[in-house]
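Shown here: start.cif, mmCIF, C-alpha atoms.
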data_model
loop_
_atom_site.group_PDB
_atom_site.id
_atom_site.type_symbol
_atom_site.label_atom_id
_atom_site.label_comp_id
_atom_site.auth_asym_id
_atom_site.auth_seq_id
_atom_site.Cartn_x
_atom_site.Cartn_y
_atom_site.Cartn_z
ATOM 1 C CA MET A 161 4.893 65.683 26.770
ATOM 2 C CA PRO A 162 2.561 68.168 24.985
ATOM 3 C CA MET A 163 -1.173 67.845 25.610
ATOM 4 C CA PRO A 164 -3.065 66.414 22.602
ATOM 5 C CA THR A 165 -5.376 68.933 20.915
ATOM 6 C CA SER A 166 -8.452 66.836 21.755
ATOM 7 C CA LEU A 167 -7.601 67.067 25.481
ATOM 8 C CA LYS A 168 -6.999 70.823 25.215
ATOM 9 C CA VAL A 169 -10.417 71.283 23.606
ATOM 10 C CA ALA A 170 -12.108 69.030 26.170
ATOM 11 C CA ALA A 171 -10.366 70.830 29.049
ATOM 12 C CA ALA A 172 -11.320 74.238 27.634
ATOM 13 C CA GLU A 173 -14.948 73.134 27.239
ATOM 14 C CA GLU A 174 -15.019 71.924 30.866
ATOM 15 C CA VAL A 175 -13.558 75.192 32.139
ATOM 16 C CA LEU A 176 -16.135 77.181 30.167
ATOM 17 C CA ARG A 177 -18.941 74.938 31.485
ATOM 18 C CA ALA A 178 -17.728 75.441 35.056
ATOM 19 C CA ILE A 179 -17.435 79.211 34.632
ATOM 20 C CA SER A 180 -20.867 79.527 33.048
ATOM 21 C CA ALA A 181 -22.376 77.425 35.821
ATOM 22 C CA GLY A 182 -20.726 79.680 38.391
ATOM 23 C CA GLU A 183 -18.748 76.732 39.753
ATOM 24 C CA THR A 184 -15.861 77.588 42.059
ATOM 25 C CA LEU A 185 -13.105 75.479 43.549
ATOM 26 C CA GLU A 186 -14.953 75.616 46.857
ATOM 27 C CA GLY A 187 -18.081 74.399 45.091
ATOM 28 C CA LYS A 188 -16.272 71.275 43.936
ATOM 29 C CA ILE A 189 -15.409 70.312 47.539
ATOM 30 C CA CYS A 190 -18.372 68.512 49.054
ATOM 31 C CA PRO A 191 -18.563 67.918 52.819
ATOM 32 C CA PRO A 192 -19.637 64.314 53.569
ATOM 33 C CA GLU A 193 -22.788 65.517 55.344
ATOM 34 C CA MET A 194 -23.950 67.230 52.116
ATOM 35 C CA LEU A 195 -23.183 64.246 49.936
ATOM 36 C CA SER A 196 -26.685 62.754 50.000
ATOM 37 C CA ALA A 197 -28.168 65.948 48.574
ATOM 38 C CA LYS A 198 -25.700 65.999 45.674
ATOM 39 C CA ILE A 199 -25.779 62.299 44.738
ATOM 40 C CA ALA A 200 -28.999 62.434 42.734
ATOM 41 C CA ALA A 201 -27.711 65.331 40.627
ATOM 42 C CA LEU A 202 -24.426 63.668 39.679
ATOM 43 C CA PRO A 203 -24.153 62.728 35.995
ATOM 44 C CA ARG A 204 -23.782 59.021 35.271
ATOM 45 C CA PRO A 205 -21.770 56.982 34.743
ATOM 46 C CA LEU A 206 -20.075 58.183 37.887
ATOM 47 C CA VAL A 207 -16.385 57.333 38.296
ATOM 48 C CA PHE A 208 -14.951 57.227 41.811
ATOM 49 C CA THR A 209 -11.392 57.032 43.031
ATOM 50 C CA ASN A 210 -9.703 57.884 46.295
ATOM 51 C CA GLY A 211 -6.350 58.532 47.875
ATOM 52 C CA CYS A 212 -4.191 60.783 50.015
ATOM 53 C CA PHE A 213 -2.910 62.941 47.124
ATOM 54 C CA ASP A 214 -0.412 64.496 49.545
ATOM 55 C CA ILE A 215 1.958 66.031 46.995
ATOM 56 C CA LEU A 216 0.265 66.096 43.609
ATOM 57 C CA HIS A 217 2.607 64.979 40.831
ATOM 58 C CA PRO A 218 2.326 64.123 37.092
ATOM 59 C CA GLY A 219 1.488 60.501 37.925
ATOM 60 C CA HIS A 220 -1.583 61.639 39.867
ATOM 61 C CA VAL A 221 -2.693 64.046 37.137
ATOM 62 C CA ASP A 222 -2.327 61.407 34.410
ATOM 63 C CA TYR A 223 -4.227 58.846 36.497
ATOM 64 C CA LEU A 224 -7.060 61.273 37.315
ATOM 65 C CA GLU A 225 -7.376 62.368 33.664
ATOM 66 C CA ARG A 226 -7.662 58.730 32.556
ATOM 67 C CA ALA A 227 -10.148 57.949 35.342
ATOM 68 C CA ARG A 228 -12.327 60.906 34.305
ATOM 69 C CA SER A 229 -12.326 59.762 30.665
ATOM 70 C CA LEU A 230 -14.146 56.572 31.731
ATOM 71 C CA GLY A 231 -17.410 58.319 32.682
ATOM 72 C CA SER A 232 -19.454 61.494 32.839
ATOM 73 C CA HIS A 233 -18.284 62.618 36.251
ATOM 74 C CA LEU A 234 -15.268 62.019 38.522
ATOM 75 C CA ALA A 235 -15.652 62.110 42.299
ATOM 76 C CA VAL A 236 -12.454 61.868 44.335
ATOM 77 C CA GLY A 237 -12.493 60.647 47.928
ATOM 78 C CA LEU A 238 -9.671 62.386 49.806
ATOM 79 C CA ASN A 239 -8.294 60.927 53.028
ATOM 80 C CA SER A 240 -8.497 63.443 55.890
ATOM 81 C CA ASP A 241 -5.340 64.487 57.741
ATOM 82 C CA ALA A 242 -6.142 62.064 60.585
ATOM 83 C CA SER A 243 -6.729 59.232 58.125
ATOM 84 C CA VAL A 244 -3.425 59.937 56.324
ATOM 85 C CA ARG A 245 -1.534 59.933 59.655
ATOM 86 C CA ARG A 246 -3.023 56.540 60.545
ATOM 87 C CA LEU A 247 -2.136 55.125 57.119
ATOM 88 C CA LYS A 248 1.236 56.785 56.422
ATOM 89 C CA GLY A 249 2.635 57.689 59.842
ATOM 90 C CA PRO A 250 2.956 60.776 62.071
ATOM 91 C CA SER A 251 5.045 62.823 59.616
ATOM 92 C CA ARG A 252 2.323 62.813 56.958
ATOM 93 C CA PRO A 253 0.496 64.458 55.371
ATOM 94 C CA VAL A 254 2.901 67.120 54.170
ATOM 95 C CA ASN A 255 -0.033 69.253 52.983
ATOM 96 C CA ASP A 256 -3.193 69.630 55.066
ATOM 97 C CA GLU A 257 -6.538 68.281 53.821
ATOM 98 C CA ARG A 258 -7.876 71.696 52.822
ATOM 99 C CA SER A 259 -4.817 72.432 50.679
ATOM 100 C CA ARG A 260 -4.945 68.971 49.098
ATOM 101 C CA ALA A 261 -8.679 69.338 48.385
ATOM 102 C CA LEU A 262 -8.196 72.755 46.737
ATOM 103 C CA VAL A 263 -5.390 71.482 44.508
ATOM 104 C CA LEU A 264 -7.510 68.496 43.408
ATOM 105 C CA ALA A 265 -10.532 70.754 42.855
ATOM 106 C CA GLY A 266 -8.349 72.909 40.614
ATOM 107 C CA LEU A 267 -7.995 70.077 38.114
ATOM 108 C CA ALA A 268 -10.498 70.259 35.247
ATOM 109 C CA CYS A 269 -10.891 66.465 35.302
ATOM 110 C CA VAL A 270 -12.092 66.426 38.934
ATOM 111 C CA ASP A 271 -15.782 67.227 39.386
ATOM 112 C CA HIS A 272 -16.115 66.696 43.148
ATOM 113 C CA VAL A 273 -13.770 66.156 46.091
ATOM 114 C CA VAL A 274 -15.108 64.556 49.276
ATOM 115 C CA ILE A 275 -12.886 64.411 52.376
ATOM 116 C CA PHE A 276 -13.421 61.290 54.460
ATOM 117 C CA ASP A 277 -12.034 60.451 57.896
ATOM 118 C CA GLU A 278 -12.190 56.646 57.793
ATOM 119 C CA ASP A 279 -9.190 54.536 56.840
ATOM 120 C CA THR A 280 -11.016 53.252 53.753
ATOM 121 C CA PRO A 281 -13.627 54.810 51.457
ATOM 122 C CA TRP A 282 -16.028 51.854 51.814
ATOM 123 C CA GLU A 283 -18.860 53.911 53.360
ATOM 124 C CA LEU A 284 -18.375 56.708 50.832
ATOM 125 C CA ILE A 285 -18.549 54.208 47.956
ATOM 126 C CA ARG A 286 -21.702 52.699 49.490
ATOM 127 C CA LYS A 287 -23.355 56.151 49.562
ATOM 128 C CA LEU A 288 -22.153 57.343 46.135
ATOM 129 C CA ARG A 289 -22.952 54.109 44.271
ATOM 130 C CA PRO A 290 -20.477 54.749 41.424
ATOM 131 C CA GLN A 291 -20.750 52.726 38.234
ATOM 132 C CA ILE A 292 -16.957 52.725 37.860
ATOM 133 C CA LEU A 293 -14.421 52.355 40.682
ATOM 134 C CA VAL A 294 -10.789 53.076 39.832
ATOM 135 C CA LYS A 295 -7.444 52.820 41.614
ATOM 136 C CA GLY A 296 -3.849 53.034 40.427
ATOM 137 C CA GLY A 297 -2.104 49.973 38.997
ATOM 138 C CA ASP A 298 -0.281 49.329 42.265
ATOM 139 C CA TRP A 299 -3.684 48.083 43.534
ATOM 140 C CA PRO A 300 -4.793 44.688 42.199
ATOM 141 C CA VAL A 301 -8.554 44.709 41.486
ATOM 142 C CA GLU A 302 -9.261 42.063 44.125
ATOM 143 C CA ARG A 303 -7.766 44.347 46.842
ATOM 144 C CA ILE A 304 -9.637 47.522 45.866
ATOM 145 C CA VAL A 305 -11.903 48.579 48.733
ATOM 146 C CA GLY A 306 -15.546 48.707 47.639
ATOM 147 C CA ARG A 307 -15.016 46.334 44.716
ATOM 148 C CA GLU A 308 -17.854 44.035 45.758
ATOM 149 C CA LEU A 309 -20.266 46.972 46.243
ATOM 150 C CA VAL A 310 -19.706 48.157 42.680
ATOM 151 C CA GLN A 311 -19.550 44.747 41.022
ATOM 152 C CA GLU A 312 -22.743 43.454 42.664
ATOM 153 C CA ARG A 313 -24.590 46.338 40.955
ATOM 154 C CA GLY A 314 -23.020 45.464 37.587
ATOM 155 C CA GLY A 315 -20.370 48.190 37.723
ATOM 156 C CA GLN A 316 -16.724 48.059 36.696
ATOM 157 C CA VAL A 317 -13.669 48.022 38.960
ATOM 158 C CA LEU A 318 -10.401 48.938 37.270
ATOM 159 C CA SER A 319 -6.755 49.168 38.224
ATOM 160 C CA LEU A 320 -5.185 51.710 35.853
ATOM 161 C CA PRO A 321 -1.464 51.538 35.096
ATOM 162 C CA VAL A 322 0.549 54.264 36.794
ATOM 163 C CA LEU A 323 3.143 56.482 35.172
ATOM 164 C CA PRO A 324 6.512 55.037 36.124
ATOM 165 C CA GLY A 325 8.915 57.124 38.169
ATOM 166 C CA TYR A 326 6.407 59.153 40.201
ATOM 167 C CA SER A 327 5.707 58.635 43.885
ATOM 168 C CA THR A 328 4.904 61.002 46.730
ATOM 169 C CA THR A 329 7.100 58.946 49.068
ATOM 170 C CA ASN A 330 10.039 59.278 46.660
ATOM 171 C CA ILE A 331 9.474 63.044 46.377
ATOM 172 C CA VAL A 332 9.538 63.353 50.186
ATOM 173 C CA ARG A 333 12.735 61.255 50.351
ATOM 174 C CA ARG A 334 14.390 63.400 47.684
ATOM 175 C CA VAL A 335 13.472 66.654 49.455
ATOM 176 C CA LEU A 336 14.818 65.307 52.752
ATOM 177 C CA ALA A 337 18.046 64.123 51.076
ATOM 178 C CA LEU A 338 18.522 67.519 49.409
ATOM 179 C CA HIS A 339 17.889 69.238 52.735
ATOM 180 C CA ARG A 340 20.445 67.016 54.518
ATOM 181 C CA GLU A 341 22.950 67.705 51.751
ATOM 182 C CA GLU A 342 22.337 71.445 52.046
ATOM 183 C CA VAL A 343 22.701 71.372 55.842
ATOM 184 C CA SER A 344 25.936 69.368 55.625
ATOM 185 C CA HIS A 345 27.441 72.053 53.348
ATOM 186 C CA ASP A 346 26.733 74.829 55.854
#

What would the structure in this file look like if it were written as structure tokens?
Amino acid sequence: MPMPTSLKVAAAEEVLRAISAGETLEGKICPPEMLSAKIAALPRPLVFTNGCFDILHPGHVDYLERARSLGSHLAVGLNSDASVRRLKGPSRPVNDERSRALVLAGLACVDHVVIFDEDTPWELIRKLRPQILVKGGDWPVERIVGRELVQERGGQVLSLPVLPGYSTTNIVRRVLALHREEVSHD
């Protein structure tokens, strides 16, 4: 699907803003210990989302673009490698946290990436105090971690519909099936 002209212009303007500000991919990745210093400078309304983002696919990109359109700034909490292993099992993540953070930071719609080691982003949400908390449509609003923190301050918590047909787990399964098929032909 071609990108609408308005998105191309917006993306180009963001890239130019980042270049003129001297922003690098590394600069978009914020260690948790430096978070407090950056919070005050973040434009509002701040949108926050989180996830493993192990193998970035069009569903992720669409979701992140829509999340970013809801506010002035998008901060993405990224589960650390240890956190992903606890949540998804010993064979995950496929890509290490540094690689995943760099790929996310490379998206024009992502303003900051913060790697967190806990199983949930509750503490990160408490520190960031976003006005808008977003997860994919596979998460009902009442199950979104940090919902009460955002709502008690008058913020919004949204579950955005996901693009059908995209899933990291399904990509991993397909790669493994193709590999098994290839091995069986040898």

Record the distance separating atom CA of A:Ala227 and atom CA of A:Arg333, expressed in Å with one decimal.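 Computed distance, atom CA of A:Ala227 to atom CA of A:Arg333, equals 27.6 Å.
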
Run through the PyMOL selection byres ((chain A and resi 203) around 10) on the given coordinates and return the selected residues as a list in words.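 Taken over the shown coordinates, the PyMOL selection byres ((chain A and resi 203) around 10) returns Ile199, Ala200, Ala201, Leu202, Arg204, Pro205, Leu206, Val207, Gly231, Ser232, His233 and Leu234 of chain A.
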
Of the candidates A:Pro290, A:Asp298, A:Phe213, A:Arg245, which shows the shortest atom-to-atom distance to A:Arg260, using all atoms listed in the file? A:Phe213

Counting all atoms listed in the file, the option among A:Asn255, A:Asn210, A:Ser229, A:Ser240 closest to A:Thr328: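 Answer, going by the shortest atom-to-atom distance: A:Asn255.
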
Nearest to A:Val263: which of A:Leu185, A:Leu284, A:Val322, A:Ile275 is it, counting only C-alpha atoms?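 Selected residue with least distance to A:Val263: A:Leu185.
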
Could you write out as JSON, numbers by chain the residues that the PyMOL selection byres ((chain A and resi 214-220) around 10) matches in the shown file? {"A": [211, 212, 213, 221, 222, 223, 224, 225, 226, 238, 239, 241, 244, 252, 253, 254, 255, 256, 257, 259, 260, 261, 263, 264, 296, 321, 322, 323, 324, 325, 326, 327, 328, 329, 331, 332]}

Next, dump the selected residues to file, keeping only C-alpha atoms, as a PDB file, keeping the file's coordinate frame.
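Okay, this is what ended up in again-v6.pdb:
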ATOM      1  CA  GLY A 211      -6.350  58.532  47.875  1.00  0.00           C
ATOM      2  CA  CYS A 212      -4.191  60.783  50.015  1.00  0.00           C
ATOM      3  CA  PHE A 213      -2.910  62.941  47.124  1.00  0.00           C
ATOM      4  CA  VAL A 221      -2.693  64.046  37.137  1.00  0.00           C
ATOM      5  CA  ASP A 222      -2.327  61.407  34.410  1.00  0.00           C
ATOM      6  CA  TYR A 223      -4.227  58.846  36.497  1.00  0.00           C
ATOM      7  CA  LEU A 224      -7.060  61.273  37.315  1.00  0.00           C
ATOM      8  CA  GLU A 225      -7.376  62.368  33.664  1.00  0.00           C
ATOM      9  CA  ARG A 226      -7.662  58.730  32.556  1.00  0.00           C
ATOM     10  CA  LEU A 238      -9.671  62.386  49.806  1.00  0.00           C
ATOM     11  CA  ASN A 239      -8.294  60.927  53.028  1.00  0.00           C
ATOM     12  CA  ASP A 241      -5.340  64.487  57.741  1.00  0.00           C
ATOM     13  CA  VAL A 244      -3.425  59.937  56.324  1.00  0.00           C
ATOM     14  CA  ARG A 252       2.323  62.813  56.958  1.00  0.00           C
ATOM     15  CA  PRO A 253       0.496  64.458  55.371  1.00  0.00           C
ATOM     16  CA  VAL A 254       2.901  67.120  54.170  1.00  0.00           C
ATOM     17  CA  ASN A 255      -0.033  69.253  52.983  1.00  0.00           C
ATOM     18  CA  ASP A 256      -3.193  69.630  55.066  1.00  0.00           C
ATOM     19  CA  GLU A 257      -6.538  68.281  53.821  1.00  0.00           C
ATOM     20  CA  SER A 259      -4.817  72.432  50.679  1.00  0.00           C
ATOM     21  CA  ARG A 260      -4.945  68.971  49.098  1.00  0.00           C
ATOM     22  CA  ALA A 261      -8.679  69.338  48.385  1.00  0.00           C
ATOM     23  CA  VAL A 263      -5.390  71.482  44.508  1.00  0.00           C
ATOM     24  CA  LEU A 264      -7.510  68.496  43.408  1.00  0.00           C
ATOM     25  CA  GLY A 296      -3.849  53.034  40.427  1.00  0.00           C
ATOM     26  CA  PRO A 321      -1.464  51.538  35.096  1.00  0.00           C
ATOM     27  CA  VAL A 322       0.549  54.264  36.794  1.00  0.00           C
ATOM     28  CA  LEU A 323       3.143  56.482  35.172  1.00  0.00           C
ATOM     29  CA  PRO A 324       6.512  55.037  36.124  1.00  0.00           C
ATOM     30  CA  GLY A 325       8.915  57.124  38.169  1.00  0.00           C
ATOM     31  CA  TYR A 326       6.407  59.153  40.201  1.00  0.00           C
ATOM     32  CA  SER A 327       5.707  58.635  43.885  1.00  0.00           C
ATOM     33  CA  THR A 328       4.904  61.002  46.730  1.00  0.00           C
ATOM     34  CA  THR A 329       7.100  58.946  49.068  1.00  0.00           C
ATOM     35  CA  ILE A 331       9.474  63.044  46.377  1.00  0.00           C
ATOM     36  CA  VAL A 332       9.538  63.353  50.186  1.00  0.00           C
TER      37      VAL A 332
END

Å distance separating atom CA of A:His272 from atom CA of A:Gly249, one decimal place: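 These atoms are spaced 26.7 Å apart.
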
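Going from atom CA of A:Cys190 to atom CA of A:Val273 covers 6.0 Å.
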
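Comparing the minimum interatomic distances between A:Asp279 and each of A:Lys188, A:Gln311, A:Val305, A:Leu195, counting all atoms listed in the file, we find that A:Val305 sits nearest.
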
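Proximity to A:Lys287 was assessed for A:Ala197, A:Leu230, A:Val270, A:Leu247 counting all atoms listed in the file; the smallest distance is recorded for A:Ala197.
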